[in-house]
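Q: This one is entry-v4.txt, compact mmCIF, C-alpha atoms and all ligand atoms.
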```txt
# COMPACT_ATOMS: atom_id res chain seq x y z
CA MET A 1 182.87 21.39 -64.92
CA LYS A 2 182.72 18.11 -63.00
CA ASN A 3 184.78 15.07 -63.89
CA LEU A 4 182.94 11.76 -64.08
CA VAL A 5 184.58 8.37 -63.81
CA VAL A 6 182.30 5.57 -64.96
CA PHE A 7 182.58 2.00 -63.64
CA ALA A 8 181.23 -0.83 -65.83
CA SER A 9 181.39 -4.61 -66.15
CA GLY A 10 179.26 -5.27 -69.20
CA SER A 11 178.01 -4.05 -72.53
CA GLY A 12 178.07 -0.44 -71.41
CA SER A 13 174.79 0.70 -72.92
CA ASN A 14 174.20 3.04 -69.96
CA PHE A 15 177.78 4.27 -70.34
CA GLN A 16 176.98 5.03 -73.99
CA SER A 17 173.88 7.02 -72.99
CA ILE A 18 176.09 9.12 -70.70
CA ILE A 19 178.70 9.62 -73.46
CA ASP A 20 175.90 10.73 -75.82
CA ALA A 21 174.41 13.13 -73.27
CA VAL A 22 177.83 14.75 -72.78
CA SER A 23 178.37 15.04 -76.56
CA ASP A 24 174.89 16.50 -77.05
CA GLY A 25 175.48 19.12 -74.36
CA LYS A 26 172.70 17.70 -72.17
CA LEU A 27 175.12 16.74 -69.45
CA ASN A 28 177.62 19.40 -68.52
CA ALA A 29 180.50 17.15 -67.43
CA ARG A 30 183.66 15.52 -68.64
CA ILE A 31 184.16 11.73 -68.60
CA THR A 32 187.77 11.35 -67.50
CA GLY A 33 187.95 7.59 -67.38
CA LEU A 34 186.36 4.16 -67.35
CA ILE A 35 187.10 1.58 -64.68
CA ALA A 36 186.30 -1.96 -65.85
CA ASN A 37 186.72 -5.11 -63.83
CA LYS A 38 186.95 -7.36 -66.86
CA TYR A 39 188.82 -7.34 -70.14
CA HIS A 40 187.04 -7.53 -73.52
CA ILE A 41 183.71 -6.01 -72.55
CA GLY A 42 181.53 -3.75 -74.64
CA ALA A 43 182.05 -0.81 -72.30
CA ILE A 44 185.80 -0.80 -73.11
CA THR A 45 185.12 -0.75 -76.86
CA LYS A 46 182.78 2.20 -76.33
CA ALA A 47 185.38 4.08 -74.27
CA GLU A 48 188.04 3.49 -76.91
CA ALA A 49 185.73 4.72 -79.65
CA HIS A 50 185.45 8.02 -77.76
CA ASP A 51 189.08 8.31 -76.62
CA ILE A 52 188.13 7.83 -72.98
CA PRO A 53 191.01 6.37 -70.93
CA VAL A 54 190.36 2.87 -69.56
CA ARG A 55 191.77 1.10 -66.52
CA VAL A 56 190.97 -2.59 -66.12
CA LEU A 57 191.17 -3.76 -62.52
CA SER A 58 190.53 -7.46 -62.72
CA ASP A 59 190.58 -9.81 -59.73
CA ILE A 60 193.21 -11.90 -61.47
CA ASP A 61 195.66 -8.99 -61.38
CA PHE A 62 195.67 -8.61 -57.59
CA ASP A 63 196.85 -11.00 -54.89
CA ARG A 64 195.49 -8.81 -52.12
CA TYR A 65 192.26 -6.80 -51.91
CA SER A 66 194.15 -3.92 -50.33
CA ASP A 67 196.34 -3.65 -53.44
CA TYR A 68 193.22 -3.36 -55.59
CA GLU A 69 191.86 -0.62 -53.29
CA THR A 70 195.10 1.34 -53.42
CA VAL A 71 195.38 1.17 -57.20
CA LEU A 72 191.72 2.16 -57.59
CA LEU A 73 192.04 5.19 -55.31
CA THR A 74 195.26 6.29 -57.02
CA GLN A 75 193.60 6.01 -60.43
CA LEU A 76 190.59 8.04 -59.28
CA THR A 77 192.90 10.74 -57.97
CA SER A 78 194.90 10.84 -61.17
CA TRP A 79 191.69 11.23 -63.20
CA ASN A 80 190.54 13.99 -60.82
CA ALA A 81 187.23 12.22 -60.25
CA ASP A 82 184.49 14.42 -58.81
CA LEU A 83 181.71 11.89 -59.25
CA ILE A 84 181.73 8.11 -59.72
CA ILE A 85 179.00 6.70 -61.93
CA LEU A 86 178.29 2.99 -61.56
CA ALA A 87 176.84 1.69 -64.79
CA GLY A 88 176.46 -2.06 -64.41
CA TYR A 89 179.55 -2.56 -62.25
CA LEU A 90 179.40 -5.99 -60.68
CA ARG A 91 182.14 -5.70 -58.10
CA LYS A 92 181.65 -4.34 -54.59
CA ILE A 93 182.98 -0.82 -54.16
CA PRO A 94 185.64 -0.78 -51.41
CA GLU A 95 184.63 1.00 -48.21
CA SER A 96 187.65 3.30 -48.52
CA VAL A 97 186.32 4.56 -51.86
CA ILE A 98 182.80 5.01 -50.45
CA THR A 99 184.25 7.02 -47.56
CA GLU A 100 186.50 9.13 -49.77
CA PHE A 101 183.64 9.83 -52.21
CA GLU A 102 180.78 10.08 -49.74
CA GLY A 103 177.67 11.29 -51.57
CA LYS A 104 179.59 11.28 -54.84
CA ILE A 105 178.85 7.78 -56.12
CA LEU A 106 175.66 7.07 -58.06
CA ASN A 107 174.29 3.70 -59.13
CA ILE A 108 171.51 2.52 -61.41
CA HIS A 109 169.60 -0.64 -60.58
CA PRO A 110 167.05 -2.37 -62.85
CA SER A 111 164.21 -2.66 -60.32
CA LEU A 112 162.05 -0.46 -58.15
CA LEU A 113 164.26 -0.55 -55.04
CA PRO A 114 163.94 -1.58 -52.27
CA LYS A 115 162.31 -4.46 -54.16
CA TYR A 116 164.71 -6.89 -55.80
CA GLY A 117 167.89 -5.30 -54.52
CA GLY A 118 170.89 -6.67 -52.66
CA LYS A 119 172.91 -9.84 -53.04
CA GLY A 120 172.12 -11.96 -56.09
CA PHE A 121 169.85 -9.38 -57.70
CA TYR A 122 171.71 -8.41 -60.83
CA GLY A 123 171.15 -8.85 -64.56
CA LEU A 124 168.34 -11.15 -65.63
CA ASN A 125 167.92 -12.51 -62.07
CA VAL A 126 166.13 -9.30 -61.19
CA HIS A 127 163.66 -9.52 -64.06
CA LYS A 128 163.06 -13.27 -63.53
CA ALA A 129 162.16 -12.59 -59.90
CA VAL A 130 159.77 -9.77 -60.84
CA ILE A 131 157.97 -12.00 -63.37
CA GLU A 132 157.85 -14.98 -60.99
CA ALA A 133 156.34 -12.77 -58.28
CA GLY A 134 153.60 -11.70 -60.72
CA ASP A 135 154.28 -7.97 -60.22
CA ALA A 136 152.33 -5.69 -62.54
CA GLU A 137 155.12 -3.14 -62.71
CA SER A 138 158.86 -2.87 -62.49
CA GLY A 139 161.34 -0.18 -63.43
CA CYS A 140 164.70 1.29 -62.56
CA THR A 141 166.15 3.19 -59.63
CA ILE A 142 169.01 5.66 -59.39
CA HIS A 143 170.47 6.04 -55.93
CA ILE A 144 173.44 7.37 -54.03
CA VAL A 145 175.78 4.56 -53.03
CA SER A 146 176.19 3.86 -49.33
CA GLU A 147 178.00 1.05 -47.57
CA GLU A 148 174.88 -1.14 -47.67
CA TYR A 149 174.40 -2.72 -51.07
CA ASP A 150 171.53 -1.14 -53.12
CA LYS A 151 170.31 0.77 -50.06
CA GLY A 152 171.54 4.36 -50.41
CA PRO A 153 169.16 7.32 -50.75
CA ILE A 154 166.99 7.13 -53.86
CA LEU A 155 167.23 10.00 -56.33
CA ALA A 156 164.78 8.82 -59.00
CA GLN A 157 162.72 5.91 -60.23
CA GLN A 158 160.97 5.21 -63.49
CA LYS A 159 158.22 2.60 -63.67
CA VAL A 160 157.43 0.30 -66.58
CA SER A 161 154.59 -2.19 -66.97
CA VAL A 162 155.21 -5.90 -66.81
CA LEU A 163 153.22 -7.33 -69.71
CA PRO A 164 151.56 -10.75 -69.85
CA ASN A 165 153.95 -13.27 -71.44
CA ASP A 166 157.00 -11.05 -70.84
CA THR A 167 160.23 -13.01 -70.77
CA PRO A 168 163.00 -11.69 -68.49
CA GLU A 169 164.75 -10.48 -71.65
CA ASP A 170 161.64 -8.54 -72.78
CA LEU A 171 161.33 -6.88 -69.41
CA ALA A 172 165.08 -6.13 -69.24
CA ALA A 173 164.89 -4.38 -72.61
CA ARG A 174 161.88 -2.28 -71.56
CA VAL A 175 163.57 -1.26 -68.31
CA LEU A 176 166.90 -0.56 -70.05
CA GLU A 177 165.25 1.87 -72.45
CA GLN A 178 164.09 3.88 -69.43
CA GLU A 179 167.51 3.63 -67.80
CA HIS A 180 169.13 5.27 -70.82
CA ALA A 181 166.71 8.19 -70.67
CA LEU A 182 166.79 8.63 -66.90
CA TYR A 183 170.44 8.22 -65.87
CA PRO A 184 172.01 11.13 -67.81
CA LYS A 185 169.18 13.42 -66.70
CA ILE A 186 169.56 12.55 -63.03
CA ILE A 187 173.37 12.84 -63.19
CA ALA A 188 172.95 16.32 -64.68
CA ASN A 189 170.50 17.32 -61.92
CA TYR A 190 172.71 15.87 -59.23
CA ILE A 191 175.76 17.76 -60.47
CA ASN A 192 173.77 20.96 -60.08
CA THR A 193 173.18 20.19 -56.41
CA LEU A 194 176.88 19.68 -55.64
CA THR A 195 178.58 22.64 -54.09
CA ASN A 196 182.10 21.25 -54.24
C1 LIG B 1 171.71 -2.21 -66.20
O1 LIG B 1 170.52 -2.92 -66.24
C2 LIG B 1 171.87 -1.51 -64.87
O2 LIG B 1 170.66 -1.16 -64.27
C3 LIG B 1 172.57 -2.56 -64.04
O3 LIG B 1 173.43 -3.21 -64.93
C4 LIG B 1 172.93 -3.13 -66.26
C5 LIG B 1 174.03 -2.56 -67.10
O4 LIG B 1 173.74 -2.62 -68.44
N1 LIG B 1 173.21 -1.99 -62.89
P1 LIG B 1 174.66 -1.91 -69.51
O5 LIG B 1 176.06 -2.54 -69.40
O6 LIG B 1 174.68 -0.45 -69.21
O7 LIG B 1 174.02 -2.22 -70.82
```
Just give me the structure as structure tokens.
A:
Amino acid sequence: MKNLVVFASGSGSNFQSIIDAVSDGKLNARITGLIANKYHIGAITKAEAHDIPVRVLSDIDFDRYSDYETVLLTQLTSWNADLIILAGYLRKIPESVITEFEGKILNIHPSLLPKYGGKGFYGLNVHKAVIEAGDAESGCTIHIVSEEYDKGPILAQQKVSVLPNDTPEDLAARVLEQEHALYPKIIANYINTLTN
């Protein structure tokens, strides 16, 4: 059985959908830890409610980036991470981690990549941009993480309609609902393709 380490910076609703899929037997994996880059976030509360170990690696705790990288890699080793699942993690993943876990880091993004990806496109900014552009559809994308932000190979996408009078919050909620259904399923499929 593969060990998943989830990285989150926010409310952790995608994290919860992964926890639920594991508990329901839909995702044959173990969640061995949560990496958070902030204290007092919803994702930490969710981890604690399910006895999942948490490590907070906040910028304020490190004078040097290299110290953060070292601590992160050591933590991943001690949790025996097979796969890293980014679930709304707003800090750049160090290159050393991407190299060490090549092809073993997945991310979910709330747009139909390559549209609305890259620097500045996170949270409601994404949905505001979609609405301002007048797009008729949006959605979410699950991809393998590479060194280029939001550009790794795409594993799956789910489209949703953009409705007249949608606010960014309306669109975010519609996309998020699809994220919760899609991410656990794609993680489960991806695990089946891994040979080691
Ligand atoms: C999601 O919209 C995800 O696509 C993006 O960050 C958000 C995380 O939301 N990467 P949550 O913390 O899982 O609710």
Q: For ligand LIG 1 (chain B), what centre and edge lengths in Å (one decimal) does the axis-aligned box get once 4 Å is added on each side of all its listed atoms, as JSON?
A:
```
{"center_x": 173.3, "center_y": -1.8, "center_z": -66.9, "size_x": 13.5, "size_y": 10.8, "size_z": 15.9}
```
Q: Quick one: everything within 8 Å of Thr32 in chain A, counting only C-alpha atoms, minus sequence neighbours fewer than 4 positions away in the same chain. Send it as a list in words.
A: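 Within the cut-off, the hits are Asn3, Leu4, Val5, Ile52, Pro53, Trp79, Asn80 and Ala81 of chain A.
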Q: Write the residues of the selection above to a file with C-alpha atoms, as a PDB file, in the coordinates of the input.
A:
```pdb
ATOM      1  CA  ASN A   3     184.780  15.070 -63.890  1.00  0.00           C
ATOM      2  CA  LEU A   4     182.940  11.760 -64.080  1.00  0.00           C
ATOM      3  CA  VAL A   5     184.580   8.370 -63.810  1.00  0.00           C
ATOM      4  CA  ILE A  52     188.130   7.830 -72.980  1.00  0.00           C
ATOM      5  CA  PRO A  53     191.010   6.370 -70.930  1.00  0.00           C
ATOM      6  CA  TRP A  79     191.690  11.230 -63.200  1.00  0.00           C
ATOM      7  CA  ASN A  80     190.540  13.990 -60.820  1.00  0.00           C
ATOM      8  CA  ALA A  81     187.230  12.220 -60.250  1.00  0.00           C
TER       9      ALA A  81
END
```
Q: In Å, rounded to a single decimal, give me how far atom O5 of ligand LIG 1 (chain B) is from CA of Ser9 in chain A.
A: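 Result for CA of Ser9 in chain A versus atom O5 of ligand LIG 1 (chain B): 6.6 Å, one decimal.
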Q: Please return as a PyMOL selection string the residues found within 6 Å of ligand LIG 1 (chain B), counting only C-alpha atoms and all ligand atoms.
A: chain A and resi 10-15+87-88+108-110+176
Q: Find the residues with any atom within 12 Å of (164.1, 5.7, -73.1); use all atoms listed in the file and the coordinates as given in the file, and write the answer as a ChimeraX atom specification.
A: /A:13-14,17,139-140,158-160,173-185
